[in-house]
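Below is work_9.cif, holding mmCIF, C-alpha atoms.
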```cif
data_work
#
loop_
_atom_site.group_PDB
_atom_site.id
_atom_site.type_symbol
_atom_site.label_atom_id
_atom_site.label_comp_id
_atom_site.auth_asym_id
_atom_site.auth_seq_id
_atom_site.Cartn_x
_atom_site.Cartn_y
_atom_site.Cartn_z
ATOM 1 C CA MET V 1 0.000 0.000 0.000
ATOM 2 C CA ARG V 2 1.276 3.444 -0.935
ATOM 3 C CA LYS V 3 2.499 5.433 2.047
ATOM 4 C CA THR V 4 0.724 8.759 2.303
ATOM 5 C CA HIS V 5 0.389 11.366 5.017
ATOM 6 C CA ALA V 6 -3.243 10.368 5.490
ATOM 7 C CA LEU V 7 -2.342 6.701 5.913
ATOM 8 C CA ILE V 8 0.318 7.514 8.490
ATOM 9 C CA GLN V 9 -2.081 9.761 10.411
ATOM 10 C CA VAL V 10 -4.797 7.100 10.383
ATOM 11 C CA ALA V 11 -2.304 4.420 11.397
ATOM 12 C CA MET V 12 -1.269 6.542 14.374
ATOM 13 C CA ALA V 13 -4.877 7.102 15.388
ATOM 14 C CA LEU V 14 -5.700 3.404 15.081
ATOM 15 C CA LEU V 15 -2.626 2.253 16.992
ATOM 16 C CA ASP V 16 -3.340 4.756 19.738
ATOM 17 C CA GLU V 17 -6.093 2.370 20.849
ATOM 18 C CA PRO V 18 -5.233 -0.844 19.027
ATOM 19 C CA THR V 19 -7.874 -3.083 20.578
ATOM 20 C CA SER V 20 -10.884 -0.814 20.690
ATOM 21 C CA ARG V 21 -13.584 -0.090 18.150
ATOM 22 C CA HIS V 22 -13.095 2.907 15.889
ATOM 23 C CA TRP V 23 -15.888 4.940 14.342
ATOM 24 C CA GLY V 24 -15.473 6.718 11.022
ATOM 25 C CA TYR V 25 -16.157 10.286 12.069
ATOM 26 C CA GLU V 26 -14.272 10.086 15.374
ATOM 27 C CA LEU V 27 -11.324 8.485 13.619
ATOM 28 C CA SER V 28 -11.205 11.253 11.038
ATOM 29 C CA ARG V 29 -11.180 13.878 13.783
ATOM 30 C CA LYS V 30 -8.565 12.069 15.816
ATOM 31 C CA ALA V 31 -6.333 11.464 12.817
ATOM 32 C CA GLY V 32 -6.868 14.965 11.447
ATOM 33 C CA VAL V 33 -7.840 13.521 8.084
ATOM 34 C CA ARG V 34 -10.901 14.899 6.352
ATOM 35 C CA SER V 35 -13.718 12.461 5.840
ATOM 36 C CA GLY V 36 -13.499 12.633 2.069
ATOM 37 C CA VAL V 37 -10.096 10.968 2.348
ATOM 38 C CA MET V 38 -10.849 8.831 5.388
ATOM 39 C CA TYR V 39 -13.571 6.553 4.018
ATOM 40 C CA PRO V 40 -11.722 5.506 0.829
ATOM 41 C CA LEU V 41 -8.681 4.848 3.007
ATOM 42 C CA LEU V 42 -10.701 2.681 5.382
ATOM 43 C CA THR V 43 -11.977 0.710 2.399
ATOM 44 C CA ARG V 44 -8.400 0.096 1.285
ATOM 45 C CA LEU V 45 -7.433 -1.051 4.778
ATOM 46 C CA LEU V 46 -10.422 -3.409 4.823
ATOM 47 C CA ASP V 47 -9.422 -4.814 1.438
ATOM 48 C CA GLU V 48 -5.907 -5.448 2.741
ATOM 49 C CA GLY V 49 -7.348 -7.327 5.712
ATOM 50 C CA TRP V 50 -5.825 -4.899 8.194
ATOM 51 C CA LEU V 51 -9.226 -3.905 9.537
ATOM 52 C CA THR V 52 -12.486 -5.694 10.145
ATOM 53 C CA ASP V 53 -15.809 -3.953 10.275
ATOM 54 C CA GLY V 54 -19.119 -4.493 11.970
ATOM 55 C CA TRP V 55 -22.374 -2.769 12.772
ATOM 56 C CA GLU V 56 -23.500 -1.378 16.069
ATOM 57 C CA ASP V 57 -26.128 -3.442 17.855
ATOM 58 C CA PRO V 58 -29.457 -1.622 17.274
ATOM 59 C CA ASN V 59 -30.669 -2.659 20.745
ATOM 60 C CA THR V 60 -27.949 -0.580 22.398
ATOM 61 C CA ILE V 61 -28.860 2.634 20.591
ATOM 62 C CA ARG V 62 -30.849 5.052 22.705
ATOM 63 C CA GLU V 63 -31.169 7.903 20.223
ATOM 64 C CA LYS V 64 -33.327 7.735 17.128
ATOM 65 C CA ARG V 65 -30.665 6.959 14.557
ATOM 66 C CA PRO V 66 -29.510 4.052 12.418
ATOM 67 C CA PRO V 67 -26.707 1.746 13.650
ATOM 68 C CA ARG V 68 -23.191 2.922 12.874
ATOM 69 C CA ARG V 69 -20.381 0.956 11.288
ATOM 70 C CA TYR V 70 -17.272 0.363 13.347
ATOM 71 C CA TYR V 71 -13.764 -0.747 12.501
ATOM 72 C CA GLU V 72 -11.345 -2.895 14.475
ATOM 73 C CA LEU V 73 -7.706 -3.623 13.848
ATOM 74 C CA THR V 74 -6.833 -7.219 13.007
ATOM 75 C CA ASP V 75 -3.603 -8.859 14.205
ATOM 76 C CA LYS V 76 -2.295 -8.565 10.672
ATOM 77 C CA GLY V 77 -3.254 -4.909 10.653
ATOM 78 C CA ARG V 78 -1.540 -4.188 13.960
ATOM 79 C CA LEU V 79 1.691 -5.721 12.665
ATOM 80 C CA ALA V 80 1.464 -4.063 9.256
ATOM 81 C CA LEU V 81 0.616 -0.607 10.569
ATOM 82 C CA GLY V 82 3.279 -0.893 13.281
ATOM 83 C CA ALA V 83 5.847 -1.736 10.628
ATOM 84 C CA LEU V 84 4.552 1.114 8.491
ATOM 85 C CA LEU V 85 5.073 3.584 11.309
ATOM 86 C CA GLN V 86 8.567 2.235 11.939
ATOM 87 C CA GLU V 87 9.393 2.838 8.294
ATOM 88 C CA ALA V 88 7.822 6.271 8.417
ATOM 89 C CA ARG V 89 10.081 7.268 11.295
ATOM 90 C CA SER V 90 13.105 6.979 9.051
ATOM 91 C CA ASP V 91 11.357 8.672 6.130
ATOM 92 C CA ALA V 92 12.045 12.392 5.921
ATOM 93 C CA ARG V 93 8.572 13.061 4.482
ATOM 94 C CA PHE V 94 6.840 11.933 7.652
ATOM 95 C CA THR V 95 9.168 13.144 10.400
ATOM 96 C CA SER V 96 6.851 16.017 11.256
ATOM 97 C CA LEU V 97 4.011 13.555 11.797
ATOM 98 C CA VAL V 98 5.651 10.589 13.468
ATOM 99 C CA TRP V 99 7.484 12.402 16.246
ATOM 100 C CA ARG V 100 4.147 12.621 18.053
ATOM 101 C CA PHE V 101 3.807 8.844 18.064
ATOM 102 C CA ALA V 102 5.890 7.268 20.813
ATOM 103 C CA MET G 1 -18.041 34.735 -16.413
ATOM 104 C CA ALA G 2 -18.562 37.846 -14.315
ATOM 105 C CA GLU G 3 -22.322 37.287 -14.484
ATOM 106 C CA LEU G 4 -21.849 33.721 -13.315
ATOM 107 C CA LEU G 5 -19.684 34.852 -10.410
ATOM 108 C CA ASP G 6 -22.255 37.508 -9.474
ATOM 109 C CA MET G 7 -24.949 34.859 -9.595
ATOM 110 C CA VAL G 8 -22.999 32.480 -7.375
ATOM 111 C CA ALA G 9 -22.091 35.232 -4.937
ATOM 112 C CA SER G 10 -25.622 36.625 -4.755
ATOM 113 C CA TRP G 11 -27.480 36.591 -1.441
ATOM 114 C CA PRO G 12 -30.378 34.408 -2.603
ATOM 115 C CA SER G 13 -27.947 31.753 -3.853
ATOM 116 C CA LEU G 14 -25.982 31.833 -0.632
ATOM 117 C CA LEU G 15 -29.138 31.583 1.459
ATOM 118 C CA LEU G 16 -30.427 28.739 -0.659
ATOM 119 C CA VAL G 17 -27.135 26.849 -0.400
ATOM 120 C CA LEU G 18 -27.206 27.358 3.360
ATOM 121 C CA PHE G 19 -30.805 26.198 3.454
ATOM 122 C CA VAL G 20 -30.293 23.082 1.349
ATOM 123 C CA PHE G 21 -27.007 21.964 2.876
ATOM 124 C CA GLY G 22 -27.584 23.431 6.309
ATOM 125 C CA PHE G 23 -31.179 22.501 7.033
ATOM 126 C CA ALA G 24 -31.566 19.492 4.791
ATOM 127 C CA PRO G 25 -28.177 17.769 4.910
ATOM 128 C CA GLY G 26 -29.868 14.427 5.500
ATOM 129 C CA PHE G 27 -31.871 14.806 2.316
ATOM 130 C CA CYS G 28 -28.770 15.798 0.346
ATOM 131 C CA LEU G 29 -26.793 12.916 1.815
ATOM 132 C CA ARG G 30 -29.509 10.412 0.981
ATOM 133 C CA LEU G 31 -29.351 11.581 -2.624
ATOM 134 C CA ILE G 32 -25.569 11.510 -2.636
ATOM 135 C CA VAL G 33 -25.251 7.957 -1.306
ATOM 136 C CA LEU G 34 -27.353 6.689 -4.197
ATOM 137 C CA ALA G 35 -24.233 7.106 -6.296
ATOM 138 C CA TYR G 36 -22.830 4.057 -4.526
ATOM 139 C CA PRO G 37 -23.875 0.600 -5.709
ATOM 140 C CA ARG G 38 -26.968 -0.789 -4.034
ATOM 141 C CA ASP G 39 -25.106 -3.378 -1.949
ATOM 142 C CA ASP G 40 -22.350 -1.012 -0.834
ATOM 143 C CA PRO G 41 -22.304 -0.702 2.987
ATOM 144 C CA ARG G 42 -21.089 2.894 2.610
ATOM 145 C CA ARG G 43 -24.677 3.927 1.869
ATOM 146 C CA ALA G 44 -25.925 2.991 5.327
ATOM 147 C CA GLU G 45 -22.658 3.946 6.987
ATOM 148 C CA LEU G 46 -22.670 7.542 5.787
ATOM 149 C CA ILE G 47 -26.299 8.095 6.734
ATOM 150 C CA ALA G 48 -25.600 6.752 10.221
ATOM 151 C CA GLU G 49 -22.411 8.805 10.546
ATOM 152 C CA LEU G 50 -24.303 12.008 9.793
ATOM 153 C CA TYR G 51 -25.892 11.791 13.245
ATOM 154 C CA ALA G 52 -22.433 11.775 14.839
ATOM 155 C CA VAL G 53 -21.373 14.955 13.062
ATOM 156 C CA PRO G 54 -22.092 18.209 14.935
ATOM 157 C CA ARG G 55 -24.878 20.168 13.253
ATOM 158 C CA ILE G 56 -22.654 23.096 12.406
ATOM 159 C CA GLN G 57 -20.209 20.886 10.536
ATOM 160 C CA ARG G 58 -22.816 18.897 8.651
ATOM 161 C CA PRO G 59 -23.029 21.034 5.480
ATOM 162 C CA LEU G 60 -19.288 20.793 4.880
ATOM 163 C CA TRP G 61 -19.230 17.112 5.755
ATOM 164 C CA VAL G 62 -22.055 16.384 3.322
ATOM 165 C CA ALA G 63 -20.268 18.352 0.614
ATOM 166 C CA GLU G 64 -17.180 16.206 1.206
ATOM 167 C CA GLN G 65 -19.239 13.070 0.778
ATOM 168 C CA LEU G 66 -20.533 14.412 -2.536
ATOM 169 C CA GLU G 67 -16.971 14.736 -3.736
ATOM 170 C CA VAL G 68 -16.128 11.150 -2.753
ATOM 171 C CA ALA G 69 -19.385 9.711 -4.044
ATOM 172 C CA LEU G 70 -18.917 11.275 -7.456
ATOM 173 C CA PHE G 71 -15.423 9.901 -7.872
ATOM 174 C CA GLU G 72 -15.669 6.617 -6.001
ATOM 175 C CA GLY G 73 -19.285 5.517 -6.079
ATOM 176 C CA LEU G 74 -19.993 6.326 -9.680
ATOM 177 C CA ALA G 75 -16.673 4.875 -10.818
ATOM 178 C CA ARG G 76 -17.586 1.628 -9.072
ATOM 179 C CA ARG G 77 -21.025 1.623 -10.644
ATOM 180 C CA VAL G 78 -19.709 2.296 -14.138
ATOM 181 C CA SER G 79 -17.047 -0.412 -13.821
ATOM 182 C CA ALA G 80 -19.680 -2.880 -12.576
ATOM 183 C CA VAL G 81 -21.896 -2.089 -15.558
ATOM 184 C CA LEU G 82 -19.002 -2.437 -17.993
ATOM 185 C CA ARG G 83 -18.001 -5.739 -16.414
ATOM 186 C CA ARG G 84 -21.549 -7.003 -16.675
ATOM 187 C CA LEU G 85 -21.814 -5.913 -20.295
ATOM 188 C CA SER G 86 -18.519 -7.499 -21.281
ATOM 189 C CA SER G 87 -19.322 -10.779 -19.546
ATOM 190 C CA ARG G 88 -22.650 -11.049 -21.305
ATOM 191 C CA GLY G 89 -22.219 -11.900 -24.954
ATOM 192 C CA ARG G 90 -25.773 -12.954 -25.573
ATOM 193 C CA THR G 91 -28.271 -10.883 -27.457
ATOM 194 C CA GLY G 92 -32.022 -10.709 -27.185
ATOM 195 C CA ARG G 93 -34.776 -8.898 -25.422
ATOM 196 C CA GLN G 94 -33.667 -9.947 -21.958
ATOM 197 C CA THR G 95 -30.131 -8.628 -22.527
ATOM 198 C CA VAL G 96 -31.398 -5.349 -23.933
ATOM 199 C CA GLY G 97 -33.684 -4.964 -20.921
ATOM 200 C CA ARG G 98 -30.889 -5.650 -18.487
ATOM 201 C CA ASN G 99 -28.514 -3.301 -20.274
ATOM 202 C CA LEU G 100 -31.149 -0.585 -20.128
ATOM 203 C CA GLU G 101 -31.627 -1.276 -16.430
ATOM 204 C CA SER G 102 -27.861 -1.109 -15.841
ATOM 205 C CA LEU G 103 -27.660 2.171 -17.719
ATOM 206 C CA LEU G 104 -30.561 3.619 -15.745
ATOM 207 C CA THR G 105 -29.207 2.558 -12.363
ATOM 208 C CA THR G 106 -25.912 4.220 -13.275
ATOM 209 C CA MET G 107 -27.212 7.449 -14.749
ATOM 210 C CA VAL G 108 -30.135 8.076 -12.448
ATOM 211 C CA PRO G 109 -28.083 8.550 -9.268
ATOM 212 C CA LEU G 110 -25.863 10.967 -11.188
ATOM 213 C CA LEU G 111 -28.905 12.986 -12.215
ATOM 214 C CA GLY G 112 -30.217 12.781 -8.676
ATOM 215 C CA VAL G 113 -26.958 14.039 -7.226
ATOM 216 C CA MET G 114 -27.042 16.914 -9.661
ATOM 217 C CA SER G 115 -30.666 17.764 -8.957
ATOM 218 C CA PRO G 116 -30.153 19.915 -5.822
ATOM 219 C CA PHE G 117 -27.559 21.936 -7.701
ATOM 220 C CA ALA G 118 -29.857 22.223 -10.666
ATOM 221 C CA MET G 119 -32.575 23.520 -8.374
ATOM 222 C CA LEU G 120 -30.154 25.974 -6.801
ATOM 223 C CA TYR G 121 -29.254 27.249 -10.218
ATOM 224 C CA ALA G 122 -32.895 27.494 -11.199
ATOM 225 C CA PHE G 123 -33.718 29.613 -8.182
ATOM 226 C CA SER G 124 -30.628 31.780 -8.442
ATOM 227 C CA VAL G 125 -31.439 32.815 -12.018
ATOM 228 C CA GLY G 126 -34.945 33.759 -10.995
ATOM 229 C CA LEU G 127 -36.601 30.807 -12.761
ATOM 230 C CA GLU G 128 -35.886 32.118 -16.229
ATOM 231 C CA THR G 129 -35.873 29.795 -19.248
ATOM 232 C CA ALA G 130 -32.559 28.137 -18.419
ATOM 233 C CA GLY G 131 -33.572 27.880 -14.792
ATOM 234 C CA LEU G 132 -36.839 26.257 -15.708
ATOM 235 C CA ALA G 133 -34.995 23.764 -17.873
ATOM 236 C CA PHE G 134 -32.777 22.857 -14.948
ATOM 237 C CA ALA G 135 -35.774 22.616 -12.669
ATOM 238 C CA LEU G 136 -37.347 20.262 -15.201
ATOM 239 C CA VAL G 137 -34.208 18.119 -15.253
ATOM 240 C CA SER G 138 -34.179 17.965 -11.483
ATOM 241 C CA GLY G 139 -37.867 17.063 -11.432
ATOM 242 C CA VAL G 140 -37.288 14.255 -13.910
ATOM 243 C CA SER G 141 -34.339 12.997 -11.892
ATOM 244 C CA CYS G 142 -36.427 12.983 -8.719
ATOM 245 C CA LEU G 143 -39.041 10.955 -10.573
ATOM 246 C CA ALA G 144 -36.315 8.610 -11.756
ATOM 247 C CA PHE G 145 -35.192 8.227 -8.150
ATOM 248 C CA CYS G 146 -38.644 7.077 -7.217
ATOM 249 C CA LEU G 147 -38.486 4.529 -10.026
ATOM 250 C CA VAL G 148 -35.119 3.275 -8.840
ATOM 251 C CA TYR G 149 -36.557 2.817 -5.385
ATOM 252 C CA PHE G 150 -39.795 1.227 -6.443
ATOM 253 C CA VAL G 151 -38.701 -0.971 -9.379
ATOM 254 C CA PRO G 152 -36.608 -3.329 -7.202
ATOM 255 C CA SER G 153 -39.482 -3.781 -4.765
ATOM 256 C CA ILE G 154 -41.863 -4.513 -7.656
ATOM 257 C CA ARG G 155 -39.360 -6.973 -9.080
ATOM 258 C CA ARG G 156 -38.988 -8.645 -5.716
ATOM 259 C CA ARG G 157 -42.739 -9.061 -5.574
ATOM 260 C CA PHE G 158 -42.807 -10.597 -9.047
ATOM 261 C CA PRO G 159 -39.529 -12.481 -9.297
ATOM 262 C CA ARG G 160 -38.206 -13.760 -12.597
ATOM 263 C CA GLY G 161 -40.119 -16.884 -13.640
ATOM 264 C CA CYS G 162 -43.107 -16.044 -11.445
ATOM 265 C CA ARG G 163 -46.103 -16.598 -13.685
ATOM 266 C CA PRO G 164 -49.519 -15.237 -12.840
ATOM 267 C CA SER G 165 -52.345 -17.791 -13.112
ATOM 268 C CA GLY G 166 -54.070 -18.089 -16.483
ATOM 269 C CA THR G 167 -51.044 -16.999 -18.522
ATOM 270 C CA ALA G 168 -49.917 -20.404 -19.773
ATOM 271 C CA GLY G 169 -48.520 -20.042 -23.255
ATOM 272 C CA SER G 170 -48.234 -16.282 -22.940
ATOM 273 C CA SER G 171 -44.975 -14.357 -23.080
ATOM 274 C CA TRP G 172 -44.467 -15.101 -19.336
ATOM 275 C CA GLY G 173 -44.158 -18.803 -20.137
ATOM 276 C CA ARG G 174 -42.214 -18.438 -23.357
ATOM 277 C CA ARG G 175 -39.598 -16.170 -21.837
ATOM 278 C CA ARG G 176 -38.453 -18.972 -19.574
ATOM 279 C CA LEU G 177 -37.619 -21.244 -22.560
#
```
How would this structure read if it were set down as structure tokens?
Amino acid sequence: MRKTHALIQVAMALLDEPTSRHWGYELSRKAGVRSGVMYPLLTRLLDEGWLTDGWEDPNTIREKRPPRRYYELTDKGRLALGALLQEARSDARFTSLVWRFA
Amino acid sequence: MAELLDMVASWPSLLLVLFVFGFAPGFCLRLIVLAYPRDDPRRAELIAELYAVPRIQRPLWVAEQLEVALFEGLARRVSAVLRRLSSRGRTGRQTVGRNLESLLTTMVPLLGVMSPFAMLYAFSVGLETAGLAFALVSGVSCLAFCLVYFVPSIRRRFPRGCRPSGTAGSSWGRRRL
């Protein structure tokens, strides 16, 4: 997968909480990636098998709204995104981004 | 060009844009997601996500989805149609019907996505001849939307091969051969 600023930002946001569920809008805010870029990127990550998706249980929703789609990192995804961030650390293009990620 | 800029920058246009995207973002989004193929989970996902977006940010967020839907959703639809057409070498009434259906399900969402903008244009030019033409286009696309919604449900009710009683030997029966 081609390394882009958006991918690195999303990888950082996902690995910040590697075992929890991530929601599209919250993830885009956390990663600082606009939603027009975020959703195609999530689709690519799903296609790679780095993420799995699911739908919120309608019984747990209190407000009047449809169930939302969530994303979870797979083991493969954790390894791949971790490796991606390691590579990004040594890449001059991403130094301004990756220094935030410990 | 200057006239066009004046038109875009005019107060009525601005108010109408704010009204359509600001007070009816759900409506706009529901039109926009039709650009995605019918079985694409993004349709339901985006509608559900809208409720998580703060109201003040919704117009911009919906506009972003329009951008993605035009480039991603329609591209996927067109490629699906092309794939279907290339894999089907047969000719005949059934093929023509299916090709027409494929074409409609591809073009109609595009028209539908354009319809709010067409209406905006129509209002901003004071419903002159060009504006009326655009309003007509948007009306037709809205009608086409209804067809896209209702045709699948009608087809589900009368699935292929389902023959009403008393039609033995009619075109219903022959089509199956």
Care to translate the PyMOL selection byres ((chain V) within 8 of (chain G)) into actual residues of this file, as a CSV table (one decimal) with C-alpha atoms, in the coordinates of the input?
```csv
chain,number,residue,atom,x,y,z
V,24,GLY,CA,-15.5,6.7,11.0
V,25,TYR,CA,-16.2,10.3,12.1
V,35,SER,CA,-13.7,12.5,5.8
V,36,GLY,CA,-13.5,12.6,2.1
V,37,VAL,CA,-10.1,11.0,2.3
V,40,PRO,CA,-11.7,5.5,0.8
V,65,ARG,CA,-30.7,7.0,14.6
V,66,PRO,CA,-29.5,4.1,12.4
V,67,PRO,CA,-26.7,1.7,13.6
V,68,ARG,CA,-23.2,2.9,12.9
V,69,ARG,CA,-20.4,1.0,11.3
```
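Applied to the shown file, the PyMOL selection byres ((chain V and resi 6-20) around 8) selects the residues V:Lys3, V:Thr4, V:His5, V:Arg21, V:His22, V:Leu27, V:Ser28, V:Lys30, V:Ala31, V:Gly32, V:Val33, V:Val37, V:Met38, V:Leu41, V:Glu72, V:Leu73, V:Arg78, V:Leu81, V:Gly82, V:Leu84, V:Leu85, V:Ala88, V:Phe94, V:Leu97, V:Val98, V:Phe101.
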- prompt: What is the distance, in Å and to one decimal place, between atom CA of Ile61 of chain V and atom CA of Arg29 of chain V?
  reply: 22.0 Å
- request: Provide the atom CA of Phe71 of chain G to atom CA of Glu48 of chain V distance in Å, to one decimal place.
  value: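 A separation of 20.9 Å between them.
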- prompt: What is the atom CA of Pro25 of chain G to atom CA of Arg43 of chain G distance in Å?
  reply: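 Atom-to-atom, atom CA of Pro25 of chain G to atom CA of Arg43 of chain G, that is 14.6 Å.
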message: The residues within 7 Å of (-22.3, 5.9, -8.0), using only C-alpha atoms and the coordinates of the file, should be reported as a ChimeraX atom specification; which are they?
response: /G:34-37,69-70,72-77,106,109-110
- prompt: Looking at only C-alpha atoms, which of G:Ser86, G:Gly26, G:Ala80, G:Gln57 is the one that sits closest to Asp39 of chain G?
  reply: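 Among the listed residues, G:Ala80 lies closest to Asp39 of chain G.
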With N, CA and C atoms as the goal, would you fill in the gaps in segment 72-91 of chain G and present it as a tab-separated table (two decimals), in the coordinates of the input?
```
chain	number	residue	atom	x	y	z
G	72	GLU	N	-15.83	8.01	-6.41
G	72	GLU	CA	-15.67	6.62	-6.00
G	72	GLU	C	-16.91	5.79	-6.33
G	73	GLY	N	-18.05	6.28	-5.90
G	73	GLY	CA	-19.28	5.52	-6.08
G	73	GLY	C	-19.64	5.34	-7.53
G	74	LEU	N	-19.60	6.43	-8.28
G	74	LEU	CA	-19.99	6.33	-9.68
G	74	LEU	C	-18.99	5.51	-10.46
G	75	ALA	N	-17.70	5.66	-10.12
G	75	ALA	CA	-16.67	4.88	-10.82
G	75	ALA	C	-16.94	3.39	-10.61
G	76	ARG	N	-17.32	3.03	-9.38
G	76	ARG	CA	-17.59	1.63	-9.07
G	76	ARG	C	-18.81	1.13	-9.84
G	77	ARG	N	-19.81	2.00	-9.92
G	77	ARG	CA	-21.02	1.62	-10.64
G	77	ARG	C	-20.74	1.42	-12.13
G	78	VAL	N	-19.99	2.37	-12.70
G	78	VAL	CA	-19.71	2.30	-14.14
G	78	VAL	C	-18.89	1.05	-14.43
G	79	SER	N	-17.88	0.77	-13.57
G	79	SER	CA	-17.05	-0.41	-13.82
G	79	SER	C	-17.87	-1.69	-13.68
G	80	ALA	N	-18.82	-1.70	-12.74
G	80	ALA	CA	-19.68	-2.88	-12.58
G	80	ALA	C	-20.54	-3.10	-13.83
G	81	VAL	N	-21.06	-1.99	-14.35
G	81	VAL	CA	-21.90	-2.09	-15.56
G	81	VAL	C	-21.07	-2.59	-16.73
G	82	LEU	N	-19.86	-2.02	-16.88
G	82	LEU	CA	-19.00	-2.44	-17.99
G	82	LEU	C	-18.63	-3.91	-17.88
G	83	ARG	N	-18.36	-4.34	-16.63
G	83	ARG	CA	-18.00	-5.74	-16.41
G	83	ARG	C	-19.17	-6.65	-16.79
G	84	ARG	N	-20.36	-6.21	-16.39
G	84	ARG	CA	-21.55	-7.00	-16.68
G	84	ARG	C	-21.78	-7.09	-18.18
G	85	LEU	N	-21.58	-5.93	-18.85
G	85	LEU	CA	-21.81	-5.91	-20.30
G	85	LEU	C	-20.80	-6.78	-21.02
G	86	SER	N	-19.55	-6.73	-20.58
G	86	SER	CA	-18.52	-7.50	-21.28
G	86	SER	C	-18.66	-9.00	-21.03
G	87	SER	N	-19.19	-9.35	-19.85
G	87	SER	CA	-19.32	-10.78	-19.55
G	87	SER	C	-20.56	-11.39	-20.20
G	88	ARG	N	-21.41	-10.54	-20.72
G	88	ARG	CA	-22.65	-11.05	-21.30
G	88	ARG	C	-22.59	-10.91	-22.83
G	89	GLY	N	-22.36	-11.98	-23.50
G	89	GLY	CA	-22.22	-11.90	-24.95
G	89	GLY	C	-23.51	-12.18	-25.68
G	90	ARG	N	-24.53	-12.58	-24.92
G	90	ARG	CA	-25.77	-12.95	-25.57
G	90	ARG	C	-26.53	-11.74	-26.07
G	91	THR	N	-27.40	-11.96	-27.00
G	91	THR	CA	-28.27	-10.88	-27.46
G	91	THR	C	-29.71	-11.29	-27.19
```
